[in-house]
>>> print(open('entry.pdb').read())   # PDB, C-alpha atoms, pLDDT in the B column
ATOM      1  CA  MET A   1      68.227 -20.934 164.588  1.00 49.00           C
ATOM      2  CA  ILE A   2      70.911 -18.738 163.030  1.00 55.00           C
ATOM      3  CA  ASP A   3      73.887 -17.898 165.261  1.00 58.00           C
ATOM      4  CA  ARG A   4      75.167 -15.015 163.213  1.00 60.00           C
ATOM      5  CA  GLU A   5      73.929 -11.513 162.537  1.00 60.00           C
ATOM      6  CA  PRO A   6      72.130 -11.031 159.223  1.00 59.00           C
ATOM      7  CA  GLN A   7      74.126  -9.067 156.684  1.00 63.00           C
ATOM      8  CA  SER A   8      73.250  -5.431 156.366  1.00 59.00           C
ATOM      9  CA  THR A   9      71.095  -4.620 153.357  1.00 59.00           C
ATOM     10  CA  ALA A  10      71.798  -0.881 153.573  1.00 59.00           C
ATOM     11  CA  TRP A  11      73.244   0.704 150.434  1.00 54.00           C
ATOM     12  CA  GLN A  12      76.967   1.284 150.586  1.00 62.00           C
ATOM     13  CA  GLU A  13      78.694   3.535 148.103  1.00 66.00           C
ATOM     14  CA  PRO A  14      80.849   1.593 145.679  1.00 69.00           C
ATOM     15  CA  SER A  15      84.569   2.141 146.046  1.00 81.00           C
ATOM     16  CA  HIS A  16      86.240   4.791 143.923  1.00 81.00           C
ATOM     17  CA  LEU A  17      88.020   2.099 141.927  1.00 83.00           C
ATOM     18  CA  LEU A  18      84.782   0.190 141.313  1.00 87.00           C
ATOM     19  CA  GLN A  19      83.050   3.366 140.123  1.00 87.00           C
ATOM     20  CA  THR A  20      85.954   4.142 137.802  1.00 87.00           C
ATOM     21  CA  LEU A  21      85.921   0.623 136.328  1.00 88.00           C
ATOM     22  CA  GLY A  22      82.173   0.981 135.770  1.00 89.00           C
ATOM     23  CA  LEU A  23      82.764   4.237 133.917  1.00 91.00           C
ATOM     24  CA  LEU A  24      85.524   2.625 131.868  1.00 91.00           C
ATOM     25  CA  HIS A  25      83.254  -0.259 130.915  1.00 90.00           C
ATOM     26  CA  GLY A  26      80.574   2.221 129.802  1.00 91.00           C
ATOM     27  CA  GLU A  27      83.013   4.331 127.783  1.00 92.00           C
ATOM     28  CA  LEU A  28      84.447   1.262 126.056  1.00 93.00           C
ATOM     29  CA  ARG A  29      80.920   0.080 125.192  1.00 93.00           C
ATOM     30  CA  VAL A  30      79.717   3.421 123.860  1.00 93.00           C
ATOM     31  CA  HIS A  31      82.803   4.505 121.931  1.00 94.00           C
ATOM     32  CA  HIS A  32      84.364   1.208 120.846  1.00 94.00           C
ATOM     33  CA  GLY A  33      81.687  -1.502 121.153  1.00 94.00           C
ATOM     34  CA  LEU A  34      83.838  -3.428 123.647  1.00 95.00           C
ATOM     35  CA  SER A  35      83.148  -4.811 127.093  1.00 93.00           C
ATOM     36  CA  LEU A  36      85.840  -4.428 129.725  1.00 93.00           C
ATOM     37  CA  HIS A  37      86.630  -8.156 129.286  1.00 93.00           C
ATOM     38  CA  SER A  38      86.890  -7.829 125.500  1.00 95.00           C
ATOM     39  CA  TYR A  39      89.229  -4.877 125.947  1.00 95.00           C
ATOM     40  CA  LEU A  40      91.446  -7.007 128.200  1.00 94.00           C
ATOM     41  CA  VAL A  41      91.506  -9.841 125.646  1.00 95.00           C
ATOM     42  CA  LEU A  42      92.513  -7.457 122.841  1.00 96.00           C
ATOM     43  CA  GLY A  43      95.144  -5.908 125.111  1.00 95.00           C
ATOM     44  CA  ALA A  44      96.651  -9.277 125.988  1.00 94.00           C
ATOM     45  CA  LEU A  45      96.782 -10.195 122.297  1.00 94.00           C
ATOM     46  CA  ALA A  46      98.315  -6.828 121.380  1.00 93.00           C
ATOM     47  CA  GLU A  47     101.096  -7.347 123.924  1.00 91.00           C
ATOM     48  CA  THR A  48     101.869 -10.974 123.149  1.00 83.00           C
ATOM     49  CA  THR A  49     105.231 -11.841 121.703  1.00 70.00           C
ATOM     50  CA  THR A  50     104.135 -15.197 120.282  1.00 70.00           C
ATOM     51  CA  LEU A  51     101.904 -15.198 117.237  1.00 81.00           C
ATOM     52  CA  PRO A  52      99.463 -16.842 117.038  1.00 90.00           C
ATOM     53  CA  THR A  53      98.520 -17.169 120.717  1.00 91.00           C
ATOM     54  CA  PRO A  54      97.064 -20.412 122.100  1.00 91.00           C
ATOM     55  CA  VAL A  55      93.625 -19.840 123.664  1.00 92.00           C
ATOM     56  CA  ALA A  56      94.635 -21.841 126.749  1.00 91.00           C
ATOM     57  CA  GLY A  57      97.582 -19.490 127.360  1.00 90.00           C
ATOM     58  CA  LEU A  58      95.386 -16.440 126.887  1.00 91.00           C
ATOM     59  CA  ALA A  59      92.821 -17.842 129.331  1.00 93.00           C
ATOM     60  CA  GLU A  60      95.577 -18.459 131.866  1.00 93.00           C
ATOM     61  CA  VAL A  61      96.982 -14.930 131.552  1.00 91.00           C
ATOM     62  CA  LEU A  62      93.516 -13.378 132.010  1.00 93.00           C
ATOM     63  CA  HIS A  63      92.422 -15.856 134.713  1.00 94.00           C
ATOM     64  CA  GLU A  64      89.349 -16.851 132.689  1.00 93.00           C
ATOM     65  CA  SER A  65      87.744 -20.250 132.250  1.00 92.00           C
ATOM     66  CA  GLY A  66      87.898 -21.931 128.877  1.00 88.00           C
ATOM     67  CA  ASN A  67      84.135 -21.519 128.446  1.00 90.00           C
ATOM     68  CA  ARG A  68      84.218 -17.800 129.237  1.00 92.00           C
ATOM     69  CA  MET A  69      87.210 -17.283 126.955  1.00 93.00           C
ATOM     70  CA  SER A  70      85.445 -19.109 124.123  1.00 92.00           C
ATOM     71  CA  TYR A  71      82.391 -16.858 124.559  1.00 93.00           C
ATOM     72  CA  LEU A  72      84.502 -13.684 124.510  1.00 94.00           C
ATOM     73  CA  LEU A  73      86.538 -14.810 121.508  1.00 95.00           C
ATOM     74  CA  LYS A  74      83.419 -15.714 119.525  1.00 95.00           C
ATOM     75  CA  GLY A  75      82.121 -12.141 119.881  1.00 95.00           C
ATOM     76  CA  LEU A  76      85.483 -10.644 118.942  1.00 96.00           C
ATOM     77  CA  GLN A  77      85.749 -12.952 115.926  1.00 96.00           C
ATOM     78  CA  THR A  78      82.231 -12.023 114.780  1.00 96.00           C
ATOM     79  CA  ALA A  79      83.237  -8.349 115.024  1.00 96.00           C
ATOM     80  CA  GLY A  80      86.297  -9.056 112.849  1.00 96.00           C
ATOM     81  CA  LEU A  81      88.757  -8.112 115.604  1.00 97.00           C
ATOM     82  CA  ILE A  82      90.451 -11.512 115.946  1.00 96.00           C
ATOM     83  CA  GLU A  83      90.955 -14.704 113.960  1.00 95.00           C
ATOM     84  CA  ARG A  84      90.730 -18.167 115.530  1.00 94.00           C
ATOM     85  CA  ARG A  85      92.271 -21.243 113.938  1.00 92.00           C
ATOM     86  CA  ARG A  86      93.182 -24.745 114.928  1.00 90.00           C
ATOM     87  CA  ARG A  87      96.918 -25.383 114.993  1.00 85.00           C
ATOM     88  CA  THR A  88      97.969 -27.385 111.946  1.00 84.00           C
ATOM     89  CA  ALA A  89     100.380 -29.626 113.863  1.00 85.00           C
ATOM     90  CA  ASP A  90      97.907 -30.292 116.714  1.00 85.00           C
ATOM     91  CA  ARG A  91      94.226 -29.816 115.855  1.00 86.00           C
ATOM     92  CA  ARG A  92      93.318 -29.866 119.569  1.00 87.00           C
ATOM     93  CA  THR A  93      94.947 -26.459 120.066  1.00 88.00           C
ATOM     94  CA  VAL A  94      93.048 -23.333 119.051  1.00 89.00           C
ATOM     95  CA  GLU A  95      95.152 -20.239 118.366  1.00 92.00           C
ATOM     96  CA  VAL A  96      94.127 -16.606 118.128  1.00 95.00           C
ATOM     97  CA  THR A  97      95.591 -13.602 116.321  1.00 93.00           C
ATOM     98  CA  LEU A  98      94.618  -9.968 116.354  1.00 94.00           C
ATOM     99  CA  THR A  99      93.403  -8.629 113.005  1.00 94.00           C
ATOM    100  CA  ASP A 100      94.401  -5.206 111.698  1.00 93.00           C
ATOM    101  CA  ALA A 101      90.921  -3.970 112.671  1.00 96.00           C
ATOM    102  CA  GLY A 102      91.435  -5.444 116.152  1.00 95.00           C
ATOM    103  CA  ARG A 103      94.770  -3.680 116.520  1.00 94.00           C
ATOM    104  CA  VAL A 104      93.219  -0.330 115.503  1.00 96.00           C
ATOM    105  CA  THR A 105      90.217  -0.845 117.800  1.00 96.00           C
ATOM    106  CA  PHE A 106      92.464  -1.741 120.718  1.00 96.00           C
ATOM    107  CA  GLY A 107      94.690   1.299 120.088  1.00 95.00           C
ATOM    108  CA  ASP A 108      91.666   3.617 120.126  1.00 96.00           C
ATOM    109  CA  ALA A 109      90.201   1.889 123.194  1.00 95.00           C
ATOM    110  CA  GLU A 110      93.568   2.061 124.978  1.00 95.00           C
ATOM    111  CA  ARG A 111      93.708   5.832 124.473  1.00 94.00           C
ATOM    112  CA  THR A 112      90.169   6.132 125.894  1.00 93.00           C
ATOM    113  CA  ALA A 113      91.079   3.944 128.867  1.00 93.00           C
ATOM    114  CA  GLN A 114      94.326   5.786 129.608  1.00 91.00           C
ATOM    115  CA  ALA A 115      92.589   9.168 129.503  1.00 90.00           C
ATOM    116  CA  LEU A 116      89.717   8.050 131.747  1.00 90.00           C
ATOM    117  CA  LEU A 117      91.965   6.306 134.271  1.00 88.00           C
ATOM    118  CA  SER A 118      94.308   9.273 134.393  1.00 87.00           C
ATOM    119  CA  ARG A 119      91.387  11.629 134.945  1.00 86.00           C
ATOM    120  CA  HIS A 120      89.782   9.541 137.677  1.00 84.00           C
ATOM    121  CA  LEU A 121      92.714   7.831 139.376  1.00 82.00           C
ATOM    122  CA  GLY A 122      95.610  10.138 138.543  1.00 76.00           C
ATOM    123  CA  PRO A 123      97.445  12.518 140.864  1.00 74.00           C
ATOM    124  CA  GLY A 124      95.472  15.506 142.091  1.00 65.00           C
ATOM    125  CA  ARG A 125      92.121  13.724 141.812  1.00 60.00           C
ATOM    126  CA  SER A 126      90.018  14.329 144.881  1.00 53.00           C
ATOM    127  CA  ARG A 127      88.083  11.308 146.113  1.00 53.00           C
ATOM    128  CA  ARG A 128      85.252  13.692 147.003  1.00 48.00           C
ATOM    129  CA  GLU A 129      84.699  14.759 143.394  1.00 53.00           C
ATOM    130  CA  PRO A 130      81.717  12.999 141.839  1.00 53.00           C
ATOM    131  CA  LEU A 131      82.539  10.567 139.068  1.00 53.00           C
ATOM    132  CA  ARG A 132      80.953  11.398 135.722  1.00 55.00           C
ATOM    133  CA  PRO A 133      81.639  10.291 132.176  1.00 55.00           C
ATOM    134  CA  PRO A 134      83.607  12.809 130.096  1.00 55.00           C
ATOM    135  CA  GLY A 135      81.435  15.657 128.837  1.00 57.00           C
ATOM    136  CA  ALA A 136      78.472  14.821 131.089  1.00 56.00           C
ATOM    137  CA  ALA A 137      76.881  17.761 132.863  1.00 49.00           C
ATOM    138  CA  ALA A 138      76.071  17.491 136.556  1.00 43.00           C
ATOM    139  CA  HIS A 139      72.332  17.258 135.845  1.00 44.00           C
ATOM    140  CA  GLU A 140      72.785  14.365 133.354  1.00 50.00           C
ATOM    141  CA  VAL A 141      74.580  11.864 135.592  1.00 44.00           C
ATOM    142  CA  PRO A 142      73.752  11.340 139.254  1.00 44.00           C
ATOM    143  CA  ASP A 143      76.471  12.131 141.761  1.00 42.00           C
ATOM    144  CA  LEU A 144      76.758   8.735 143.484  1.00 41.00           C
ATOM    145  CA  THR A 145      78.691  10.179 146.414  1.00 38.00           C
ATOM    146  CA  THR A 146      76.029  12.754 147.291  1.00 38.00           C
ATOM    147  CA  GLN A 147      73.203  10.307 146.571  1.00 39.00           C
ATOM    148  CA  ALA A 148      74.633   7.708 148.938  1.00 36.00           C
ATOM    149  CA  ILE A 149      75.108  10.269 151.715  1.00 35.00           C
ATOM    150  CA  LYS A 150      71.515  11.521 151.352  1.00 39.00           C
ATOM    151  CA  GLU A 151      70.139   7.986 151.605  1.00 37.00           C
ATOM    152  CA  VAL A 152      71.918   7.267 154.897  1.00 34.00           C
TER     153      VAL A 152
END
>>> encode(input="entry.pdb", output="structure tokens")
Amino acid sequence: MIDREPQSTAWQEPSHLLQTLGLLHGELRVHHGLSLHSYLVLGALAETTTLPTPVAGLAEVLHESGNRMSYLLKGLQTAGLIERRRRTADRRTVEVTLTDAGRVTFGDAERTAQALLSRHLGPGRSRREPLRPPGAAAHEVPDLTTQAIKEV
């Protein structure tokens, strides 16, 4: 016998922040070919003061496991956005640097992210306004706020 109430399976509208992060992930994918995680990796590398950056330090800064970081870095390396090399003095340490293409891609993606976050989380933004990607007409993207209210 279960002594607790079963969890509700009713749909709950995602938080405004969660919706905005979902939009950001979509915009980064469509316009820059990046996932939200890849964007964060490029951003951390762009802001680092030590070149090259040890993968372990990058994983620590982004709170990612070594396996997840390796997966993300492999995709970024394949895309030509980063370079990975073993440290000459200690072959156990893998270091990463941002390529020129990675720096340009991050700069473009950062402008997209700043614009979207400002639009959706900036001052004057009403939480009642439906969230839509830039340029999308009302009939192209469902209004999640209205949809969730109708389903209740």
>>> atom_distance(input="entry.pdb", atom1="atom CA of A:Ala56", atom2="atom CA of A:Arg87")
12.5 Å
>>> residues_around(input="entry.pdb", residues="A:Glu64", least_positions_apart="4", cutoff="12 Å", atoms="only C-alpha atoms", output="ChimeraX atom specification")
/A:37-38,40-41,55-60,68-73
>>> atom_distance(input="entry.pdb", atom1="atom CA of A:Gly22", atom2="atom CA of A:His120")
11.6 Å
>>> atom_distance(input="entry.pdb", atom1="atom CA of A:Val61", atom2="atom CA of A:Leu42")
12.3 Å
>>> residues_around(input="entry.pdb", residues="A:Thr99", least_positions_apart="3", cutoff="12 Å", atoms="all atoms listed in the file", output="VMD selection string")
chain A and resid 42 45 to 46 51 to 52 76 to 84 96 102 to 106
>>> residues_around(input="entry.pdb", residues="A:Leu36", least_positions_apart="4", cutoff="10 Å", atoms="only C-alpha atoms", output="PyMOL selection string")
chain A and resi 21-22+24-29+40-41+113
>>> write_last_selection(input="entry.pdb", atoms="C-alpha atoms", output="mmCIF file, in the frame of the given file")
data_model
loop_
_atom_site.group_PDB
_atom_site.id
_atom_site.type_symbol
_atom_site.label_atom_id
_atom_site.label_comp_id
_atom_site.auth_asym_id
_atom_site.auth_seq_id
_atom_site.Cartn_x
_atom_site.Cartn_y
_atom_site.Cartn_z
ATOM 1 C CA LEU A 21 85.921 0.623 136.328
ATOM 2 C CA GLY A 22 82.173 0.981 135.770
ATOM 3 C CA LEU A 24 85.524 2.625 131.868
ATOM 4 C CA HIS A 25 83.254 -0.259 130.915
ATOM 5 C CA GLY A 26 80.574 2.221 129.802
ATOM 6 C CA GLU A 27 83.013 4.331 127.783
ATOM 7 C CA LEU A 28 84.447 1.262 126.056
ATOM 8 C CA ARG A 29 80.920 0.080 125.192
ATOM 9 C CA LEU A 40 91.446 -7.007 128.200
ATOM 10 C CA VAL A 41 91.506 -9.841 125.646
ATOM 11 C CA ALA A 113 91.079 3.944 128.867
#
